[in-house]
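**Student:** My structure is in upload37.txt, and what it holds is compact mmCIF, C-alpha atoms:
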```
# COMPACT_ATOMS: atom_id res chain seq x y z
CA MET A 282 -19.88 -23.75 -21.75
CA ALA A 283 -17.57 -26.56 -20.68
CA GLY A 284 -17.17 -29.47 -23.04
CA ARG A 285 -18.00 -27.48 -26.22
CA PRO A 286 -17.57 -27.34 -29.10
CA VAL A 287 -16.80 -30.92 -30.09
CA ARG A 288 -15.83 -31.34 -33.73
CA LEU A 289 -16.35 -34.75 -35.24
CA GLY A 290 -14.38 -35.66 -38.32
CA THR A 291 -16.98 -37.74 -40.15
CA ALA A 292 -20.56 -37.82 -39.04
CA VAL A 293 -21.76 -40.66 -36.88
CA ILE A 294 -25.04 -42.45 -37.10
CA ALA A 295 -26.22 -44.76 -34.35
CA LEU A 296 -26.08 -45.87 -30.68
CA ALA A 297 -26.43 -48.79 -28.47
CA LEU A 298 -28.15 -51.96 -27.71
CA GLY A 299 -27.75 -50.48 -24.24
CA VAL A 300 -30.62 -48.12 -25.07
CA SER A 301 -33.95 -48.84 -23.43
CA ALA A 302 -36.84 -50.11 -25.56
CA CYS A 303 -34.63 -50.69 -28.61
CA ALA A 304 -33.91 -54.41 -28.50
CA GLU A 305 -33.97 -56.36 -31.74
CA ARG A 306 -34.26 -53.22 -33.89
CA PRO A 307 -33.34 -54.19 -37.47
CA GLN A 308 -30.52 -52.35 -39.15
CA PRO A 309 -32.14 -49.87 -41.55
CA THR A 310 -31.44 -50.25 -45.24
CA GLU A 311 -30.48 -46.55 -45.37
CA PHE A 312 -27.16 -47.43 -43.76
CA ALA A 313 -26.12 -49.27 -46.88
CA ALA A 314 -26.43 -46.07 -48.89
CA ARG A 315 -24.34 -44.04 -46.44
CA PRO A 316 -21.51 -46.25 -45.19
CA SER A 317 -19.19 -43.28 -44.63
CA PHE A 318 -21.42 -42.13 -41.79
CA LEU A 319 -20.71 -45.26 -39.79
CA ALA A 320 -17.59 -43.75 -38.26
CA GLN A 321 -17.10 -45.77 -35.11
CA SER A 322 -13.77 -43.99 -34.59
CA ASP A 323 -15.64 -40.74 -33.82
CA VAL A 324 -16.93 -42.17 -30.55
CA VAL A 325 -14.82 -41.18 -27.55
CA ALA A 326 -14.52 -43.87 -24.90
CA GLY A 327 -15.90 -42.74 -21.55
CA SER A 328 -17.95 -39.93 -23.11
CA VAL A 329 -21.46 -39.30 -24.43
CA ILE A 330 -21.49 -36.71 -27.20
CA VAL A 331 -24.81 -35.18 -28.28
CA CYS A 332 -25.32 -33.48 -31.65
CA LYS A 333 -28.26 -31.79 -33.32
CA TYR A 334 -28.86 -31.98 -37.06
CA SER A 335 -31.70 -30.75 -39.18
CA VAL A 336 -31.38 -31.54 -42.88
CA ASP A 337 -30.07 -34.68 -44.55
CA ALA A 338 -32.19 -34.80 -47.69
CA PRO A 339 -32.95 -32.32 -50.48
CA GLY A 340 -35.99 -30.20 -49.87
CA GLU A 341 -36.16 -30.70 -46.11
CA ALA A 342 -36.98 -27.57 -44.14
CA PHE A 343 -34.27 -26.36 -41.78
CA THR A 344 -35.31 -26.25 -38.12
CA PRO A 345 -33.84 -24.28 -35.22
CA GLY A 346 -31.62 -25.53 -32.45
CA ALA A 347 -32.92 -27.13 -29.29
CA ASP A 348 -32.40 -27.28 -25.54
CA PHE A 349 -31.34 -30.54 -23.93
CA THR A 350 -31.08 -31.95 -20.44
CA ALA A 351 -28.68 -34.65 -19.23
CA SER A 352 -28.67 -36.88 -16.17
CA ALA A 353 -26.68 -39.96 -15.20
CA THR A 354 -26.36 -42.54 -12.45
CA GLY A 355 -22.69 -41.64 -12.14
CA GLY A 356 -19.88 -39.75 -13.85
CA THR A 357 -19.86 -36.03 -14.62
CA LEU A 358 -21.86 -33.71 -16.89
CA PRO A 359 -19.29 -31.39 -18.56
CA SER A 360 -21.97 -29.29 -20.28
CA GLY A 361 -24.16 -29.19 -17.20
CA SER A 362 -27.58 -30.66 -16.60
CA SER A 363 -28.95 -28.50 -19.44
CA PHE A 364 -27.39 -27.15 -22.63
CA HIS A 365 -28.35 -25.77 -26.04
CA LEU A 366 -27.33 -27.02 -29.48
CA ASN A 367 -27.76 -25.22 -32.79
CA SER A 368 -28.87 -27.18 -35.85
CA VAL A 369 -26.35 -28.26 -38.45
CA THR A 370 -27.34 -28.67 -42.07
CA ASP A 371 -26.05 -32.17 -42.64
CA LEU A 372 -24.24 -35.09 -41.06
CA VAL A 373 -20.78 -34.08 -42.24
CA VAL A 374 -20.26 -30.63 -40.74
CA THR A 375 -21.20 -31.31 -37.14
CA ASP A 376 -19.55 -28.43 -35.34
CA ASP A 377 -22.14 -27.82 -32.64
CA CYS A 378 -22.04 -30.90 -30.48
CA ALA A 379 -21.60 -31.12 -26.72
CA THR A 380 -19.93 -33.60 -24.44
CA ALA A 381 -22.88 -34.37 -22.22
CA TRP A 382 -21.25 -37.03 -20.00
CA GLN A 383 -17.82 -38.27 -18.98
CA ALA A 384 -16.86 -41.29 -16.93
CA SER A 385 -15.36 -40.78 -13.48
CA ASP A 386 -14.74 -44.44 -12.66
CA GLY A 387 -14.87 -47.84 -14.30
CA GLN A 388 -18.50 -48.55 -13.51
CA THR A 389 -21.18 -48.90 -16.19
CA GLN A 390 -23.57 -45.96 -15.96
CA THR A 391 -26.92 -45.06 -17.48
CA VAL A 392 -27.02 -41.65 -19.13
CA THR A 393 -30.36 -40.03 -20.02
CA ILE A 394 -30.48 -37.35 -22.70
CA THR A 395 -33.71 -35.43 -23.25
CA GLU A 396 -34.56 -32.92 -25.93
CA VAL A 397 -36.84 -30.26 -24.46
CA PRO A 398 -40.05 -30.03 -26.53
CA GLN A 399 -40.63 -26.75 -28.37
CA ASN A 400 -43.62 -25.36 -30.21
CA GLY A 401 -43.66 -25.92 -33.95
CA VAL A 402 -40.88 -28.52 -33.90
CA THR A 403 -41.11 -32.32 -33.72
CA LEU A 404 -38.34 -34.74 -32.79
CA THR A 405 -38.39 -37.12 -35.74
CA ARG A 406 -35.28 -39.28 -35.35
CA ILE A 407 -32.49 -40.27 -33.00
CA VAL A 408 -29.45 -42.02 -34.45
CA GLY A 409 -26.26 -42.95 -32.69
CA PHE A 410 -23.31 -45.25 -32.19
CA ARG A 411 -21.56 -46.86 -29.26
CA SER A 412 -17.88 -47.67 -29.31
CA VAL A 413 -18.69 -51.36 -28.92
CA GLY A 414 -20.39 -51.27 -32.32
CA ASP A 415 -24.03 -51.05 -31.29
CA LEU A 416 -26.36 -49.15 -33.61
CA ILE A 417 -29.65 -47.40 -33.05
CA TRP A 418 -32.00 -45.68 -35.45
CA ILE A 419 -35.33 -44.61 -33.97
CA ASP A 420 -37.94 -42.79 -36.03
CA ASN A 421 -40.60 -40.78 -34.17
CA PRO A 422 -38.84 -41.38 -30.86
CA PRO A 423 -39.78 -40.21 -27.37
CA ASN A 424 -37.94 -37.08 -26.27
CA SER A 425 -35.69 -39.00 -23.86
CA ILE A 426 -33.22 -41.79 -24.49
CA ASP A 427 -31.09 -43.88 -22.10
CA VAL A 428 -27.70 -45.30 -23.02
CA GLU A 429 -25.36 -47.51 -21.00
CA VAL A 430 -21.73 -46.38 -21.10
CA SER A 431 -18.58 -46.69 -19.04
CA ALA A 432 -14.95 -45.62 -18.97
CA GLY A 433 -14.31 -47.99 -21.87
CA VAL A 434 -17.55 -47.45 -23.80
CA GLY A 435 -18.62 -44.12 -25.26
CA ALA A 436 -21.48 -43.01 -27.47
CA VAL A 437 -22.50 -40.33 -29.93
CA LEU A 438 -26.17 -39.35 -30.33
CA PHE A 439 -27.76 -37.29 -33.10
CA PHE A 440 -31.18 -35.70 -32.62
CA LYS A 441 -33.08 -34.71 -35.75
CA ASN A 442 -36.09 -32.42 -35.87
CA ALA A 443 -38.69 -31.33 -38.39
CA GLY A 444 -41.09 -28.45 -38.39
CA THR A 445 -44.59 -29.33 -37.22
CA PRO A 446 -47.06 -28.65 -40.03
CA THR A 447 -49.24 -25.68 -39.18
CA PRO A 448 -52.93 -25.88 -39.99
CA PRO A 449 -53.89 -23.99 -43.13
CA PRO A 450 -55.50 -20.61 -42.56
CA PRO A 451 -59.25 -20.56 -42.75
CA SER A 452 -60.68 -19.99 -46.19
CA CYS A 453 -61.90 -16.45 -46.64
CA SER A 454 -65.64 -16.43 -46.06
CA GLY A 455 -67.35 -13.33 -44.76
CA LEU A 456 -70.60 -12.34 -43.11
CA THR A 457 -72.57 -9.33 -44.28
CA PRO A 458 -73.89 -6.33 -42.35
CA GLY A 459 -77.36 -7.80 -42.86
CA TYR A 460 -76.32 -10.93 -40.96
CA TRP A 461 -74.81 -8.92 -38.13
CA LYS A 462 -77.79 -6.55 -37.99
CA ASN A 463 -79.84 -9.61 -37.07
CA TRP A 464 -77.34 -11.02 -34.60
CA ARG A 465 -80.11 -11.81 -32.12
CA ASN A 466 -81.18 -14.65 -34.42
CA HIS A 467 -77.86 -16.39 -33.73
CA TYR A 468 -76.33 -15.21 -30.45
CA THR A 469 -77.21 -14.28 -26.93
CA GLU A 470 -76.41 -10.71 -25.95
CA ALA A 471 -73.45 -11.94 -23.93
CA GLN A 472 -72.10 -13.90 -26.91
CA PHE A 473 -72.46 -10.93 -29.21
CA ALA A 474 -70.87 -8.59 -26.68
CA SER A 475 -67.85 -10.92 -26.52
CA LEU A 476 -67.23 -10.22 -30.23
CA LEU A 477 -67.10 -6.44 -29.88
CA GLY A 478 -63.56 -6.15 -28.54
CA GLY A 479 -61.38 -4.03 -30.82
CA THR A 480 -64.27 -3.05 -33.09
CA ILE A 481 -65.68 0.40 -33.79
CA ALA A 482 -68.65 -0.44 -31.56
CA GLY A 483 -67.99 0.06 -27.87
CA SER A 484 -71.24 -1.58 -26.81
CA VAL A 485 -74.16 -3.63 -28.07
CA ALA A 486 -76.20 -0.45 -28.34
CA GLN A 487 -73.56 1.21 -30.51
CA ALA A 488 -73.41 -1.85 -32.78
CA ASP A 489 -77.20 -1.78 -33.15
CA ALA A 490 -77.04 1.91 -33.99
CA ILE A 491 -74.41 1.34 -36.69
CA PHE A 492 -76.42 -1.45 -38.30
CA ALA A 493 -79.81 0.22 -37.88
CA SER A 494 -79.91 1.64 -41.41
CA VAL A 495 -78.40 -1.36 -43.22
CA GLY A 496 -80.16 -1.74 -46.56
CA ASP A 497 -81.12 1.91 -46.90
CA ASN A 498 -79.46 3.05 -50.13
CA ARG A 499 -80.00 6.66 -49.13
CA SER A 500 -77.43 6.35 -46.35
CA ASP A 501 -74.32 8.51 -46.71
CA PRO A 502 -70.91 6.96 -47.58
CA ILE A 503 -69.52 7.14 -44.03
CA THR A 504 -72.58 5.36 -42.64
CA LYS A 505 -72.19 2.61 -45.26
CA LEU A 506 -68.49 2.37 -44.55
CA LYS A 507 -69.25 1.79 -40.87
CA TRP A 508 -71.54 -1.11 -41.76
CA PHE A 509 -68.81 -2.99 -43.54
CA VAL A 510 -66.01 -2.07 -41.15
CA LEU A 511 -67.98 -3.45 -38.20
CA ALA A 512 -69.24 -6.49 -40.12
CA ASN A 513 -65.73 -7.56 -41.08
CA GLN A 514 -64.36 -6.80 -37.61
CA LEU A 515 -67.03 -9.00 -36.06
CA THR A 516 -66.31 -11.82 -38.51
CA LEU A 517 -62.60 -11.58 -37.74
CA ASN A 518 -63.41 -11.89 -34.04
CA LEU A 519 -65.78 -14.79 -34.68
CA THR A 520 -63.16 -16.75 -36.65
CA GLY A 521 -61.79 -19.68 -34.67
CA THR A 522 -64.28 -19.41 -31.78
CA ASP A 523 -66.88 -21.95 -30.70
CA LEU A 524 -69.74 -19.51 -31.24
CA PRO A 525 -72.43 -20.26 -33.83
CA ASN A 526 -70.95 -19.78 -37.28
CA PRO A 527 -73.15 -20.37 -40.31
CA GLY A 528 -71.23 -21.78 -43.23
CA ASP A 529 -67.97 -21.82 -41.23
CA ALA A 530 -67.34 -18.17 -42.01
CA GLY A 531 -63.81 -17.02 -41.31
CA LEU A 532 -61.56 -14.14 -42.25
CA THR A 533 -57.94 -13.12 -41.82
CA LEU A 534 -56.39 -9.74 -42.47
CA THR A 535 -54.79 -11.22 -45.59
CA CYS A 536 -58.11 -12.02 -47.28
CA THR A 537 -58.47 -10.05 -50.51
CA ASN A 538 -60.97 -8.95 -53.08
CA ALA A 539 -60.69 -9.91 -56.76
CA LEU A 540 -58.11 -7.17 -57.34
CA GLY A 541 -55.87 -8.30 -54.50
CA ASP A 542 -56.79 -5.56 -52.02
CA ALA A 543 -56.19 -6.98 -48.53
CA LEU A 544 -58.72 -6.75 -45.73
CA GLY A 545 -56.10 -5.49 -43.27
CA ASP A 546 -55.09 -2.60 -45.51
CA ALA A 547 -58.71 -1.71 -46.28
CA LEU A 548 -59.64 -1.67 -42.60
CA THR A 549 -56.66 0.55 -41.76
CA LEU A 550 -57.65 3.05 -44.42
CA ALA A 551 -61.32 2.86 -43.43
CA LEU A 552 -60.49 3.64 -39.80
CA ASN A 553 -58.48 6.66 -40.94
CA MET A 554 -61.51 7.78 -42.94
CA LEU A 555 -63.82 7.38 -39.96
CA ALA A 556 -61.42 9.40 -37.82
CA ASN A 557 -61.14 12.16 -40.44
CA PRO A 558 -64.07 11.92 -42.86
CA GLY A 559 -63.48 15.42 -44.23
CA GLY A 560 -60.05 14.40 -45.47
CA TYR A 561 -61.40 12.06 -48.13
CA SER A 562 -63.70 12.38 -51.10
CA ARG A 563 -66.99 10.55 -51.48
CA GLU A 564 -65.44 8.42 -54.20
CA GLN A 565 -62.48 7.43 -52.02
CA ILE A 566 -64.76 6.43 -49.15
CA LEU A 567 -67.03 4.39 -51.40
CA ALA A 568 -64.03 2.66 -53.01
CA VAL A 569 -62.89 1.36 -49.63
CA LYS A 570 -66.46 0.49 -48.73
CA ASP A 571 -66.65 -1.60 -51.90
CA ILE A 572 -63.52 -3.57 -50.94
CA LEU A 573 -64.98 -4.36 -47.54
CA ASP A 574 -68.35 -5.16 -49.11
CA TYR A 575 -66.72 -7.66 -51.47
CA ILE A 576 -64.84 -9.39 -48.63
CA ALA A 577 -67.93 -9.48 -46.40
CA ASN A 578 -69.67 -11.40 -49.20
CA LEU A 579 -66.87 -13.90 -49.83
CA GLY A 580 -68.16 -17.46 -49.69
CA ASP A 581 -71.72 -16.33 -50.35
CA ASP A 582 -73.06 -18.76 -52.90
```
Go through the file and emit its structure as structure tokens.
**Tutor:**
Amino acid sequence: MAGRPVRLGTAVIALALGVSACAERPQPTEFAARPSFLAQSDVVAGSVIVCKYSVDAPGEAFTPGADFTASATGGTLPSGSSFHLNSVTDLVVTDDCATAWQASDGQTQTVTITEVPQNGVTLTRIVGFRSVGDLIWIDNPPNSIDVEVSAGVGAVLFFKNAGTPTPPPPSCSGLTPGYWKNWRNHYTEAQFASLLGGTIAGSVAQADAIFASVGDNRSDPITKLKWFVLANQLTLNLTGTDLPNPGDAGLTLTCTNALGDALGDALTLALNMLANPGGYSREQILAVKDILDYIANLGDD
């Protein structure tokens, strides 16, 4: 890609009073602790250089690179109207920058740089410097920034990202075969049918048949195993939906019993048993049933 890579000797922090919506921004106190980053000499007159950095403090999580777009009222775009930058780990080794704009005449131009939003990543800071000495430091900025430059005035911009916190997984709370046997107390037939996808029940009638003997201790091990396989499958499908959910039940395949046996592993083994019941002993089948029974009762006070 034309205009890359650009290697800056010492990292640069800041940009222009020629940036929209940034007038009268106070100089942050953090600059005093990092004077070596204020390297005005790294700015190239007649150019806008864009860099991506990710980590500048201990313990910060590294984030991936990002796509950018560039537009201008005049001049040229050496890296094109769109380009990609990889993250760098600090503000000293900035070896993946791009020259986004170059002057073609002596006129002052407005250059717009935009970081393309991406899932799981938030733009947390833009810092930069113009060759005329203007600084900018914007926390929680918009994804686009405008800067005024010319043949005699250049700028360097740094875009910093952070990972977007992901919501915690739902706590493991199951629903028993007895609950699902009485599904008509909670759901319409259409609602219940919507939960059957990927389960061992191909229809409402099949689900009713599986749960018909729930509570009968005389049932054989395979029949009991089916109760708990289907109950946990239905709870997995219910998790995260807007359907009625007593006690905010929710399961993931990583939910475990007290011994650390995971639901996903138990379901895989149980499905193998249902496909080949003669290949397993009664004790083996009941052991897996017990894991699924425990998980189906999680959260039951």
**Student:** For atom CA of A:Trp508 and atom CA of A:Ile491, determine how far apart the two atoms are, in Å to one decimal place.
**Tutor:**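 Separating atom CA of A:Trp508 from atom CA of A:Ile491 is a distance of 6.3 Å.
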**Student:** Do a neighbour search on stretch 456-468 of chain A at 6 Å with all atoms listed in the file, toss out local chain neighbours closer than 2 positions, and write the hits as a ChimeraX atom specification.
**Tutor:** /A:472-473,492,508,512,577
**Student:** Can you measure atom CA of A:Asp420 to atom CA of A:Gly361 for me? One decimal in Å is fine.
**Tutor:**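 The value is 27.0 Å.
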**Student:** Rounded to one decimal in Å, what is the spacing between atom CA of A:Leu506 and atom CA of A:Asp546?
**Tutor:** 14.3 Å
**Student:** Nearest to A:Val392 among A:Ala353, A:Cys378, A:Ala493, A:Leu477, with distances taken over all atoms listed in the file: which residue is it?
**Tutor:**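 Nearest to A:Val392: A:Ala353.
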**Student:** Write out as JSON, numbers by chain each polymer residue whose atoms come within 8 Å of stretch 558-569 of chain A, counting all atoms listed in the file; drop sequence neighbours fewer than 6 positions from it.
**Tutor:** {"A": [502, 503, 506, 547, 550, 551]}
**Student:** For those residues, write C-alpha atoms to a file as a PDB file, in the coordinates of the input.
**Tutor:**
```
ATOM      1  CA  PRO A 502     -70.910   6.960 -47.580  1.00  0.00           C
ATOM      2  CA  ILE A 503     -69.520   7.140 -44.030  1.00  0.00           C
ATOM      3  CA  LEU A 506     -68.490   2.370 -44.550  1.00  0.00           C
ATOM      4  CA  ALA A 547     -58.710  -1.710 -46.280  1.00  0.00           C
ATOM      5  CA  LEU A 550     -57.650   3.050 -44.420  1.00  0.00           C
ATOM      6  CA  ALA A 551     -61.320   2.860 -43.430  1.00  0.00           C
TER       7      ALA A 551
END
```
**Student:** Nearest to A:Asn526: which of A:Thr391, A:Ala482, A:Phe410, A:Gly455 is it, counting all atoms listed in the file?
**Tutor:**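 The answer is A:Gly455, which sits nearest to A:Asn526.
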**Student:** Restricting the calculation to all atoms listed in the file, which member of A:Ala381, A:Ala351, A:Ile417, A:Ile407 is positioned closest to A:Thr395?
**Tutor:**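 Of all the options, A:Ala351 lies closest to A:Thr395.
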**Student:** Taking all atoms of stretch 399-407 of chain A that appear in the file, build a box with edges along x, y and z, extend it by 8 Å on every side, and state its centre and edge lengths in Å to one decimal, as JSON.
**Tutor:**
```
{"center_x": -38.1, "center_y": -32.8, "center_z": -32.1, "size_x": 27.2, "size_y": 30.9, "size_z": 23.4}
```
**Student:** Between A:Ser494, A:Thr405, A:Thr350, A:Gln399, single out the one closest to A:Thr380, counting only C-alpha atoms.
**Tutor:**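 For A:Thr380, the nearest of the given residues is A:Thr350.
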**Student:** Go through A:Ile419, A:Val402, A:Val430, A:Ser412 one by one, measure the shortest atom-to-atom distance of each to A:Gly356 using only C-alpha atoms, and give the residue with the smallest value.
**Tutor:**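 Answer, going by the shortest atom-to-atom distance: A:Val430.
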**Student:** Pick from A:Ile394, A:Leu532, A:Leu404, A:Ile481: nearest to A:Gly444, with all atoms listed in the file counted?
**Tutor:** A:Leu404
**Student:** Please rebuild stretch 420-450 of chain A with N, CA and C atoms and give the result as a PDB file, keeping the file's coordinate frame.
**Tutor:**
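Saved the output as part_24.pdb:
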```pdb
ATOM      1  N   ASP A 420     -37.076 -43.801 -35.432  1.00  0.00           N
ATOM      2  CA  ASP A 420     -37.940 -42.790 -36.030  1.00  0.00           C
ATOM      3  C   ASP A 420     -39.106 -42.495 -35.090  1.00  0.00           C
ATOM      4  N   ASN A 421     -39.522 -41.232 -35.052  1.00  0.00           N
ATOM      5  CA  ASN A 421     -40.600 -40.780 -34.170  1.00  0.00           C
ATOM      6  C   ASN A 421     -40.368 -41.228 -32.729  1.00  0.00           C
ATOM      7  N   PRO A 422     -39.205 -40.886 -32.187  1.00  0.00           N
ATOM      8  CA  PRO A 422     -38.840 -41.380 -30.860  1.00  0.00           C
ATOM      9  C   PRO A 422     -39.497 -40.556 -29.750  1.00  0.00           C
ATOM     10  N   PRO A 423     -39.459 -41.068 -28.516  1.00  0.00           N
ATOM     11  CA  PRO A 423     -39.780 -40.210 -27.370  1.00  0.00           C
ATOM     12  C   PRO A 423     -38.690 -39.158 -27.223  1.00  0.00           C
ATOM     13  N   ASN A 424     -38.917 -38.165 -26.394  1.00  0.00           N
ATOM     14  CA  ASN A 424     -37.940 -37.080 -26.270  1.00  0.00           C
ATOM     15  C   ASN A 424     -36.735 -37.459 -25.418  1.00  0.00           C
ATOM     16  N   SER A 425     -36.808 -38.561 -24.692  1.00  0.00           N
ATOM     17  CA  SER A 425     -35.690 -39.000 -23.860  1.00  0.00           C
ATOM     18  C   SER A 425     -35.154 -40.331 -24.338  1.00  0.00           C
ATOM     19  N   ILE A 426     -33.844 -40.532 -24.147  1.00  0.00           N
ATOM     20  CA  ILE A 426     -33.220 -41.790 -24.490  1.00  0.00           C
ATOM     21  C   ILE A 426     -32.165 -42.117 -23.439  1.00  0.00           C
ATOM     22  N   ASP A 427     -32.081 -43.399 -23.053  1.00  0.00           N
ATOM     23  CA  ASP A 427     -31.090 -43.880 -22.100  1.00  0.00           C
ATOM     24  C   ASP A 427     -30.022 -44.676 -22.843  1.00  0.00           C
ATOM     25  N   VAL A 428     -28.787 -44.522 -22.426  1.00  0.00           N
ATOM     26  CA  VAL A 428     -27.700 -45.300 -23.020  1.00  0.00           C
ATOM     27  C   VAL A 428     -26.752 -45.725 -21.909  1.00  0.00           C
ATOM     28  N   GLU A 429     -26.300 -46.984 -21.979  1.00  0.00           N
ATOM     29  CA  GLU A 429     -25.360 -47.510 -21.000  1.00  0.00           C
ATOM     30  C   GLU A 429     -23.935 -47.313 -21.526  1.00  0.00           C
ATOM     31  N   VAL A 430     -23.116 -46.670 -20.732  1.00  0.00           N
ATOM     32  CA  VAL A 430     -21.730 -46.380 -21.100  1.00  0.00           C
ATOM     33  C   VAL A 430     -20.838 -46.577 -19.885  1.00  0.00           C
ATOM     34  N   SER A 431     -19.544 -46.503 -20.132  1.00  0.00           N
ATOM     35  CA  SER A 431     -18.580 -46.690 -19.040  1.00  0.00           C
ATOM     36  C   SER A 431     -17.274 -46.034 -19.445  1.00  0.00           C
ATOM     37  N   ALA A 432     -16.247 -46.207 -18.639  1.00  0.00           N
ATOM     38  CA  ALA A 432     -14.950 -45.620 -18.970  1.00  0.00           C
ATOM     39  C   ALA A 432     -14.410 -46.180 -20.282  1.00  0.00           C
ATOM     40  N   GLY A 433     -14.802 -47.387 -20.641  1.00  0.00           N
ATOM     41  CA  GLY A 433     -14.310 -47.990 -21.870  1.00  0.00           C
ATOM     42  C   GLY A 433     -15.299 -47.940 -23.019  1.00  0.00           C
ATOM     43  N   VAL A 434     -16.492 -47.463 -22.759  1.00  0.00           N
ATOM     44  CA  VAL A 434     -17.550 -47.450 -23.800  1.00  0.00           C
ATOM     45  C   VAL A 434     -18.134 -46.046 -23.885  1.00  0.00           C
ATOM     46  N   GLY A 435     -18.032 -45.443 -25.058  1.00  0.00           N
ATOM     47  CA  GLY A 435     -18.620 -44.120 -25.260  1.00  0.00           C
ATOM     48  C   GLY A 435     -19.741 -44.183 -26.289  1.00  0.00           C
ATOM     49  N   ALA A 436     -20.373 -43.052 -26.524  1.00  0.00           N
ATOM     50  CA  ALA A 436     -21.480 -43.010 -27.470  1.00  0.00           C
ATOM     51  C   ALA A 436     -21.602 -41.623 -28.069  1.00  0.00           C
ATOM     52  N   VAL A 437     -22.136 -41.582 -29.282  1.00  0.00           N
ATOM     53  CA  VAL A 437     -22.500 -40.330 -29.930  1.00  0.00           C
ATOM     54  C   VAL A 437     -23.983 -40.429 -30.302  1.00  0.00           C
ATOM     55  N   LEU A 438     -24.744 -39.375 -30.018  1.00  0.00           N
ATOM     56  CA  LEU A 438     -26.170 -39.350 -30.330  1.00  0.00           C
ATOM     57  C   LEU A 438     -26.486 -38.147 -31.198  1.00  0.00           C
ATOM     58  N   PHE A 439     -27.259 -38.377 -32.254  1.00  0.00           N
ATOM     59  CA  PHE A 439     -27.760 -37.290 -33.100  1.00  0.00           C
ATOM     60  C   PHE A 439     -29.270 -37.194 -32.944  1.00  0.00           C
ATOM     61  N   PHE A 440     -29.743 -35.970 -32.720  1.00  0.00           N
ATOM     62  CA  PHE A 440     -31.180 -35.700 -32.620  1.00  0.00           C
ATOM     63  C   PHE A 440     -31.591 -34.900 -33.857  1.00  0.00           C
ATOM     64  N   LYS A 441     -32.600 -35.397 -34.550  1.00  0.00           N
ATOM     65  CA  LYS A 441     -33.080 -34.710 -35.750  1.00  0.00           C
ATOM     66  C   LYS A 441     -34.501 -34.212 -35.532  1.00  0.00           C
ATOM     67  N   ASN A 442     -34.774 -33.019 -36.019  1.00  0.00           N
ATOM     68  CA  ASN A 442     -36.090 -32.420 -35.870  1.00  0.00           C
ATOM     69  C   ASN A 442     -36.692 -32.064 -37.219  1.00  0.00           C
ATOM     70  N   ALA A 443     -37.974 -31.839 -37.217  1.00  0.00           N
ATOM     71  CA  ALA A 443     -38.690 -31.330 -38.390  1.00  0.00           C
ATOM     72  C   ALA A 443     -39.730 -30.345 -37.901  1.00  0.00           C
ATOM     73  N   GLY A 444     -40.049 -29.390 -38.750  1.00  0.00           N
ATOM     74  CA  GLY A 444     -41.090 -28.450 -38.390  1.00  0.00           C
ATOM     75  C   GLY A 444     -42.443 -29.142 -38.334  1.00  0.00           C
ATOM     76  N   THR A 445     -43.235 -28.792 -37.329  1.00  0.00           N
ATOM     77  CA  THR A 445     -44.590 -29.330 -37.220  1.00  0.00           C
ATOM     78  C   THR A 445     -45.487 -28.611 -38.202  1.00  0.00           C
ATOM     79  N   PRO A 446     -46.178 -29.334 -39.069  1.00  0.00           N
ATOM     80  CA  PRO A 446     -47.060 -28.650 -40.030  1.00  0.00           C
ATOM     81  C   PRO A 446     -48.083 -27.783 -39.303  1.00  0.00           C
ATOM     82  N   THR A 447     -48.245 -26.566 -39.764  1.00  0.00           N
ATOM     83  CA  THR A 447     -49.240 -25.680 -39.180  1.00  0.00           C
ATOM     84  C   THR A 447     -50.536 -25.811 -39.952  1.00  0.00           C
ATOM     85  N   PRO A 448     -51.672 -25.738 -39.274  1.00  0.00           N
ATOM     86  CA  PRO A 448     -52.930 -25.880 -39.990  1.00  0.00           C
ATOM     87  C   PRO A 448     -53.104 -24.756 -41.000  1.00  0.00           C
ATOM     88  N   PRO A 449     -53.704 -25.044 -42.126  1.00  0.00           N
ATOM     89  CA  PRO A 449     -53.890 -23.990 -43.130  1.00  0.00           C
ATOM     90  C   PRO A 449     -54.799 -22.899 -42.575  1.00  0.00           C
ATOM     91  N   PRO A 450     -54.609 -21.674 -43.028  1.00  0.00           N
ATOM     92  CA  PRO A 450     -55.500 -20.610 -42.560  1.00  0.00           C
ATOM     93  C   PRO A 450     -56.915 -20.870 -43.041  1.00  0.00           C
TER      94      PRO A 450
END
```
